[in-house]
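A.B. asks: Shown below is the structure under consideration.
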Amino acid sequence: MQLNNGVIILTKYEFLLDEACEKNITVIENYDLTGTQLKGLYGNNIIAIGNTTDSNTERACVLAEELGHHYTAVGDIIDQSTVENRKQEMRGRIVAYNKLVGLRGIIEAYLHHCQSLSETAEYLGVTEEFLNDSLTYYTNKYGVCTQVDNYVIFFQPNIGVMELI
């Protein structure tokens, strides 16, 4: 939480914690997920965030995905050997990508003069890995580029935005 001219500004992580609270979802931080490669886990209105997350930025990415699973998943999807579970896993990630990055977020980063992937990730409050994953998703969905209002967003070869005049 930051103060900006007397106004309280929540970090993305704090904002997502508030969202979880409003949905009556318990969030357990620093949960021991030893023996798994999971960074987070959702089940029965409980989200566990693993103790290997290094920052609130990474925790925000994990929490957004687990909230995505709350909204989209049915049943236990830990076993990723089935097509249906992989689809449900992806749906949760898509919710997180759209919530934390989104096409509008990419445009906002451009308007705030972000020049690189790392600057864009920092501006959006996500990890570079999460931003890369979201860009891969957007590339698979839209192709090399897509238009939003009077902007063209390029996903390859590098992230970029061009304003149409």
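By convention here, the chains of the structure tokens are called A, B, ... in the order presented, each chain's residues are numbered starting at 1, and ligands are numbered starting at 1 in the order presented.
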Would you mind listing what lies within 9 Å of A:Thr34 as a PyMOL selection string, with only C-alpha atoms counted and same-chain residues fewer than 4 positions away left out?
C.D. replies: chain A and resi 38+50-51
A.B. asks: Write out as a PyMOL selection string the set of residues from stretch 3-152 of chain A that DSSP, computed on the backbone, places in alpha helix (DSSP H).
C.D. replies: chain A and resi 12-22+56-72+83-100+102-111+117-124+128-142
A.B. asks: Excluding stretch 127-141 of chain A and its own-chain neighbours fewer than 6 positions away, which residues fall within 6 Å of it when counting only C-alpha atoms? Please give them as a CSV table (one decimal) with N, CA and C atoms, in the first residue's frame.
C.D. replies:
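Okay, selection.csv is ready:
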```
chain,number,residue,atom,x,y,z
A,97,TYR,N,-4.4,-13.5,-17.2
A,97,TYR,CA,-3.7,-12.7,-18.2
A,97,TYR,C,-4.6,-11.4,-18.5
A,121,ALA,N,6.5,-5.1,-18.0
A,121,ALA,CA,6.2,-6.0,-16.8
A,121,ALA,C,6.2,-5.2,-15.5
A,155,PHE,N,2.6,-8.5,-31.2
A,155,PHE,CA,3.1,-9.4,-30.2
A,155,PHE,C,4.4,-10.1,-30.6
```
A.B. asks: List the neighbours of stretch 98-104 of chain A out to 8 Å using only C-alpha atoms; skip same-chain residues closer than 3 positions along the sequence, and give me the result as a list of chain:residue names.
C.D. replies: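 Contacts, in chain order: A:Cys61, A:Ala64, A:Ile94, A:Val95, A:Ile107, A:Glu108, A:Leu124, A:Gly125, A:Val126, A:Leu131, A:Ser134, A:Val148, A:Ile153.
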A.B. asks: Write to file, as a JSON list (two decimals), in the first residue's frame, the residues of the selection just made, with N, CA, C and O atoms.
C.D. replies:
```json
[["chain", "number", "residue", "atom", "x", "y", "z"],
["A", 61, "CYS", "N", 0.61, -12.56, -9.47],
["A", 61, "CYS", "CA", 0.41, -13.41, -10.65],
["A", 61, "CYS", "C", -0.19, -14.75, -10.26],
["A", 61, "CYS", "O", -1.12, -15.24, -10.91],
["A", 64, "ALA", "N", -3.88, -14.19, -9.01],
["A", 64, "ALA", "CA", -4.79, -13.93, -10.14],
["A", 64, "ALA", "C", -5.16, -15.23, -10.84],
["A", 64, "ALA", "O", -6.33, -15.44, -11.20],
["A", 94, "ILE", "N", -6.04, -17.68, -18.47],
["A", 94, "ILE", "CA", -6.56, -16.62, -19.34],
["A", 94, "ILE", "C", -7.23, -15.52, -18.51],
["A", 94, "ILE", "O", -7.05, -14.33, -18.79],
["A", 95, "VAL", "N", -7.98, -15.92, -17.50],
["A", 95, "VAL", "CA", -8.58, -14.92, -16.60],
["A", 95, "VAL", "C", -7.48, -14.05, -16.00],
["A", 95, "VAL", "O", -7.59, -12.82, -15.96],
["A", 107, "ILE", "N", -1.52, -1.28, -24.08],
["A", 107, "ILE", "CA", -1.61, 0.08, -24.63],
["A", 107, "ILE", "C", -1.23, 1.11, -23.58],
["A", 107, "ILE", "O", -0.48, 2.05, -23.86],
["A", 108, "GLU", "N", -1.70, 0.93, -22.35],
["A", 108, "GLU", "CA", -1.35, 1.87, -21.27],
["A", 108, "GLU", "C", 0.16, 1.89, -21.02],
["A", 108, "GLU", "O", 0.74, 2.95, -20.79],
["A", 124, "LEU", "N", 3.08, -2.93, -15.45],
["A", 124, "LEU", "CA", 1.84, -3.70, -15.26],
["A", 124, "LEU", "C", 1.80, -4.41, -13.92],
["A", 124, "LEU", "O", 0.75, -4.92, -13.52],
["A", 125, "GLY", "N", 2.93, -4.48, -13.22],
["A", 125, "GLY", "CA", 2.97, -5.14, -11.92],
["A", 125, "GLY", "C", 2.93, -6.64, -12.01],
["A", 125, "GLY", "O", 2.34, -7.32, -11.17],
["A", 126, "VAL", "N", 3.57, -7.19, -13.06],
["A", 126, "VAL", "CA", 3.64, -8.63, -13.25],
["A", 126, "VAL", "C", 5.10, -9.04, -13.45],
["A", 126, "VAL", "O", 5.95, -8.20, -13.73],
["A", 131, "LEU", "N", 4.26, -11.99, -18.09],
["A", 131, "LEU", "CA", 4.01, -11.17, -19.27],
["A", 131, "LEU", "C", 4.31, -11.96, -20.53],
["A", 131, "LEU", "O", 3.52, -11.94, -21.49],
["A", 134, "SER", "N", 1.53, -14.39, -21.14],
["A", 134, "SER", "CA", 0.32, -13.72, -21.64],
["A", 134, "SER", "C", 0.49, -13.33, -23.10],
["A", 134, "SER", "O", -0.44, -13.47, -23.90],
["A", 148, "VAL", "N", -6.95, -2.55, -31.44],
["A", 148, "VAL", "CA", -7.87, -2.14, -30.40],
["A", 148, "VAL", "C", -8.07, -0.65, -30.58],
["A", 148, "VAL", "O", -7.12, 0.13, -30.43],
["A", 153, "ILE", "N", -1.53, -3.52, -31.69],
["A", 153, "ILE", "CA", -0.61, -4.14, -30.75],
["A", 153, "ILE", "C", 0.10, -5.26, -31.47],
["A", 153, "ILE", "O", -0.54, -6.14, -32.05]]
```
A.B. asks: Fewer than 6 positions away in the same chain doesn't count, so skip those; otherwise give me all residues within 10 Å of A:Tyr31, counting only C-alpha atoms, as a list in words.
C.D. replies: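 Here the qualifying residues turn out to be Lys39, Gly40, Leu41, Ile47, Ala48, Ile49, Gly50, Asn51, Thr52 and Thr53 of chain A.
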A.B. asks: Go ahead and save the picked residues with N, CA and C atoms, as a CSV table (one decimal), in the first residue's frame.
C.D. replies:
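Result file is result23.csv:
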```csv
chain,number,residue,atom,x,y,z
A,39,LYS,N,3.0,-23.3,-7.6
A,39,LYS,CA,3.2,-22.0,-6.9
A,39,LYS,C,2.0,-21.6,-6.1
A,40,GLY,N,0.8,-22.2,-6.5
A,40,GLY,CA,-0.4,-21.9,-5.9
A,40,GLY,C,-1.4,-23.1,-6.1
A,41,LEU,N,-2.5,-23.0,-5.3
A,41,LEU,CA,-3.4,-24.1,-5.4
A,41,LEU,C,-4.8,-23.6,-4.9
A,47,ILE,N,-7.4,-20.5,-1.3
A,47,ILE,CA,-6.2,-20.4,-2.2
A,47,ILE,C,-5.0,-20.5,-1.3
A,48,ALA,N,-4.1,-21.4,-1.7
A,48,ALA,CA,-2.8,-21.5,-1.0
A,48,ALA,C,-1.7,-20.9,-2.0
A,49,ILE,N,-0.9,-20.0,-1.5
A,49,ILE,CA,0.1,-19.4,-2.2
A,49,ILE,C,1.4,-20.0,-1.7
A,50,GLY,N,2.2,-20.6,-2.5
A,50,GLY,CA,3.4,-21.3,-2.1
A,50,GLY,C,4.5,-20.4,-1.5
A,51,ASN,N,5.3,-21.0,-0.6
A,51,ASN,CA,6.3,-20.3,0.1
A,51,ASN,C,7.5,-20.1,-0.7
A,52,THR,N,7.5,-20.4,-2.0
A,52,THR,CA,8.7,-20.2,-2.9
A,52,THR,C,8.5,-18.9,-3.7
A,53,THR,N,7.3,-18.2,-3.6
A,53,THR,CA,7.1,-17.0,-4.3
A,53,THR,C,8.0,-15.9,-3.6
```
A.B. asks: Residues near A:Gly68, anyone? I mean within 8 Å using only C-alpha atoms, not counting same-chain ones fewer than 2 positions away, as a ChimeraX atom specification.
C.D. replies: /A:64-66,70-73,91-96
A.B. asks: Hey, what does DSSP flag as strand (DSSP E) within chain A? Can you give it to me as a PyMOL selection string?
C.D. replies: chain A and resi 2-4+7-9+26-31+40-43+46-50+145-148+151-154+160-163
A.B. asks: For N, CA and C atoms, I'd like the residues from the last selection saved as a short mmCIF file (atom, residue, chain, number, x, y, z; two decimals), in the first residue's frame.
C.D. replies:
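Below is the file that was written, part_1.cif:
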```
data_model
loop_
_atom_site.label_atom_id
_atom_site.label_comp_id
_atom_site.auth_asym_id
_atom_site.auth_seq_id
_atom_site.Cartn_x
_atom_site.Cartn_y
_atom_site.Cartn_z
N GLN A 2 0.54 2.21 -0.83
CA GLN A 2 1.30 3.45 -0.94
C GLN A 2 0.37 4.63 -0.76
N LEU A 3 0.93 5.72 -0.26
CA LEU A 3 0.19 6.97 -0.21
C LEU A 3 0.67 7.85 -1.35
N ASN A 4 -0.26 8.40 -2.10
CA ASN A 4 0.06 9.29 -3.20
C ASN A 4 -0.81 10.53 -3.02
N VAL A 7 -3.76 9.85 -0.95
CA VAL A 7 -4.65 8.80 -1.47
C VAL A 7 -3.95 7.45 -1.31
N ILE A 8 -4.67 6.49 -0.76
CA ILE A 8 -4.11 5.15 -0.60
C ILE A 8 -4.20 4.41 -1.93
N ILE A 9 -3.05 3.89 -2.37
CA ILE A 9 -3.00 3.12 -3.61
C ILE A 9 -2.62 1.68 -3.25
N THR A 26 -10.63 -17.73 1.25
CA THR A 26 -9.52 -17.62 2.19
C THR A 26 -8.21 -17.76 1.43
N VAL A 27 -7.27 -16.86 1.69
CA VAL A 27 -5.95 -16.93 1.06
C VAL A 27 -4.93 -17.26 2.14
N ILE A 28 -4.23 -18.37 1.95
CA ILE A 28 -3.17 -18.78 2.87
C ILE A 28 -1.84 -18.50 2.17
N GLU A 29 -1.06 -17.60 2.76
CA GLU A 29 0.23 -17.25 2.16
C GLU A 29 1.32 -18.14 2.73
N ASN A 30 2.42 -18.25 1.98
CA ASN A 30 3.60 -19.01 2.40
C ASN A 30 3.27 -20.47 2.74
N TYR A 31 2.41 -21.06 1.94
CA TYR A 31 2.01 -22.45 2.14
C TYR A 31 3.10 -23.38 1.61
N GLY A 40 0.82 -22.20 -6.54
CA GLY A 40 -0.44 -21.92 -5.89
C GLY A 40 -1.40 -23.05 -6.11
N LEU A 41 -2.47 -23.04 -5.31
CA LEU A 41 -3.44 -24.12 -5.36
C LEU A 41 -4.79 -23.57 -4.94
N TYR A 42 -5.85 -23.97 -5.65
CA TYR A 42 -7.20 -23.54 -5.29
C TYR A 42 -8.08 -24.76 -5.05
N GLY A 43 -8.90 -24.69 -4.02
CA GLY A 43 -9.91 -25.72 -3.78
C GLY A 43 -10.82 -25.30 -2.64
N ILE A 46 -10.55 -21.89 -0.96
CA ILE A 46 -9.27 -21.63 -0.30
C ILE A 46 -8.19 -21.56 -1.37
N ILE A 47 -7.38 -20.51 -1.30
CA ILE A 47 -6.23 -20.39 -2.19
C ILE A 47 -4.98 -20.45 -1.33
N ALA A 48 -4.09 -21.36 -1.69
CA ALA A 48 -2.79 -21.47 -1.02
C ALA A 48 -1.73 -20.93 -1.96
N ILE A 49 -0.95 -19.99 -1.46
CA ILE A 49 0.15 -19.44 -2.25
C ILE A 49 1.44 -20.00 -1.67
N GLY A 50 2.22 -20.63 -2.52
CA GLY A 50 3.42 -21.33 -2.09
C GLY A 50 4.47 -20.43 -1.45
N CYS A 145 -0.46 -9.63 -34.58
CA CYS A 145 -0.92 -8.34 -34.07
C CYS A 145 -2.44 -8.31 -34.01
N THR A 146 -2.96 -7.31 -33.31
CA THR A 146 -4.41 -7.08 -33.28
C THR A 146 -4.66 -5.59 -33.11
N GLN A 147 -5.82 -5.16 -33.52
CA GLN A 147 -6.17 -3.75 -33.40
C GLN A 147 -7.19 -3.56 -32.28
N VAL A 148 -6.95 -2.55 -31.44
CA VAL A 148 -7.87 -2.14 -30.40
C VAL A 148 -8.07 -0.65 -30.58
N TYR A 151 -5.29 1.71 -32.04
CA TYR A 151 -3.95 1.18 -31.76
C TYR A 151 -3.82 -0.21 -32.37
N VAL A 152 -2.62 -0.50 -32.87
CA VAL A 152 -2.29 -1.86 -33.30
C VAL A 152 -1.25 -2.37 -32.31
N ILE A 153 -1.53 -3.52 -31.69
CA ILE A 153 -0.61 -4.14 -30.75
C ILE A 153 0.10 -5.26 -31.47
N PHE A 154 1.43 -5.21 -31.46
CA PHE A 154 2.25 -6.26 -32.07
C PHE A 154 2.76 -7.17 -30.96
N GLY A 160 5.00 -4.39 -29.13
CA GLY A 160 5.01 -3.01 -29.59
C GLY A 160 3.61 -2.53 -29.86
N VAL A 161 3.44 -1.23 -29.83
CA VAL A 161 2.14 -0.62 -30.10
C VAL A 161 2.34 0.51 -31.11
N MET A 162 1.43 0.59 -32.04
CA MET A 162 1.46 1.66 -33.02
C MET A 162 0.10 2.36 -33.00
N GLU A 163 0.13 3.69 -32.89
CA GLU A 163 -1.10 4.43 -32.90
C GLU A 163 -1.46 4.78 -34.32
#
```
A.B. asks: Which of these residues is nearest to A:Thr57, using only C-alpha atoms: A:Lys23, A:Lys87, A:His113, A:Lys12?
C.D. replies: A:Lys12
A.B. asks: For the atom pair atom CA of A:Gly143 and atom CA of A:Thr120, what is the interatomic distance in Å to one decimal place?
C.D. replies: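 Separation of atom CA of A:Gly143 and atom CA of A:Thr120: 20.1 Å.
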A.B. asks: When you draw a straight line from atom CA of A:Ser116 to atom CA of A:Ile159, how long is it in Å?
C.D. replies: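 Interatomic distance, atom CA of A:Ser116 to atom CA of A:Ile159: 7.9 Å.
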A.B. asks: Would you work out the distance separating atom CA of A:Gly75 from atom CA of A:Glu89, expressed in Å to one decimal?
C.D. replies: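 Separation between atom CA of A:Gly75 and atom CA of A:Glu89: 11.4 Å.
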